[in-house]
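Enquirer: Take a look at the following structure, please.
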Amino acid sequence: MPQSQTVLVSNLLRCPECGNDQEFVEVSPEVTTTTFYQQNPDGSFTPVNQESEQTGSPRLYCGNCEKDLSALYERFAEMIF
């Protein structure tokens, strides 16, 4: 059975304040969310589609110490798969 190996990545985003490299928070101001619903025969509603439009600049924060890391946002956005 193969042993588990830890892979070290040299280009991880890291908070310069606390060293956190795992938890981040994106805050998107000025977002309009439109949800489309279908009404069911019993009168309840089921969402069938949702669209979001962001008009403000997103902010990035450390999920540990809450330091503003927005200067790193472009790199963050490039690595979302």
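Identifiers in the structure tokens: chain A, B, ... in order shown; residue index from 1 per chain; ligand index from 1 in order shown.
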Neighbours of Val31 of chain A within 12 Å (only C-alpha atoms; same-chain residues fewer than 4 positions away dropped), as a list in words?

Expert: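 The residues that qualify are Val27, Glu51, Ser52, Glu53, Gln54, Thr55, Gly56, Ser57 and Pro58 of chain A.
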
Enquirer: When DSSP works through the backbone of this structure, what residues of chain A end up as strand (DSSP E), shown as JSON, numbers by chain?

Expert: {"A": [24, 25, 26, 27, 31, 32, 33, 34, 35, 36, 37, 38, 39, 45, 46, 47, 48, 49, 50, 51, 52, 53, 54, 59, 60, 61, 62]}

Enquirer: Smallest atom-to-atom distance to Cys65 of chain A: which of A:Leu13, A:Met79, A:Gln5, A:Glu23, using only C-alpha atoms?

Expert: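 For Cys65 of chain A, the nearest of the given residues is A:Glu23.
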
Enquirer: If we count only C-alpha atoms and set the cut-off at 9 Å, which residues sit around Leu69 of chain A, ignoring sequence neighbours fewer than 5 positions away in its own chain? Please answer as a list in words.

Expert: Cys15, Pro16, Arg59, Leu60, Tyr61 and Cys62 of chain A

Enquirer: If you run DSSP on this backbone, which residues of chain A come out as alpha helix (DSSP H), and could you give them as a list in words?

Expert: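 DSSP on the backbone gives alpha helix (DSSP H) at Tyr73, Glu74, Arg75, Phe76, Ala77 and Glu78 of chain A.
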
Enquirer: Here is a test: counting only C-alpha atoms, which residue of A:Arg75, A:Ser44, A:Gly63, A:Ser70 is nearest to Asp21 of chain A?

Expert: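 Looking at the shortest contact to Asp21 of chain A, the residue is A:Gly63.
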
Enquirer: Please report the interatomic distance between atom CA of Phe76 of chain A and atom CA of Gln22 of chain A in Å with one decimal.

Expert: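 Atom CA of Gln22 of chain A lies at a distance of 11.9 Å from atom CA of Phe76 of chain A.
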
Enquirer: Please compute the atom CA of Val25 of chain A-atom CA of Thr46 of chain A distance, one decimal, in Å.

Expert: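 Separating atom CA of Val25 of chain A from atom CA of Thr46 of chain A is a distance of 29.1 Å.
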
Enquirer: Would you compute the distance between atom CA of Thr35 of chain A and atom CA of Glu74 of chain A? Give it in Å to one decimal.

Expert: 28.0 Å
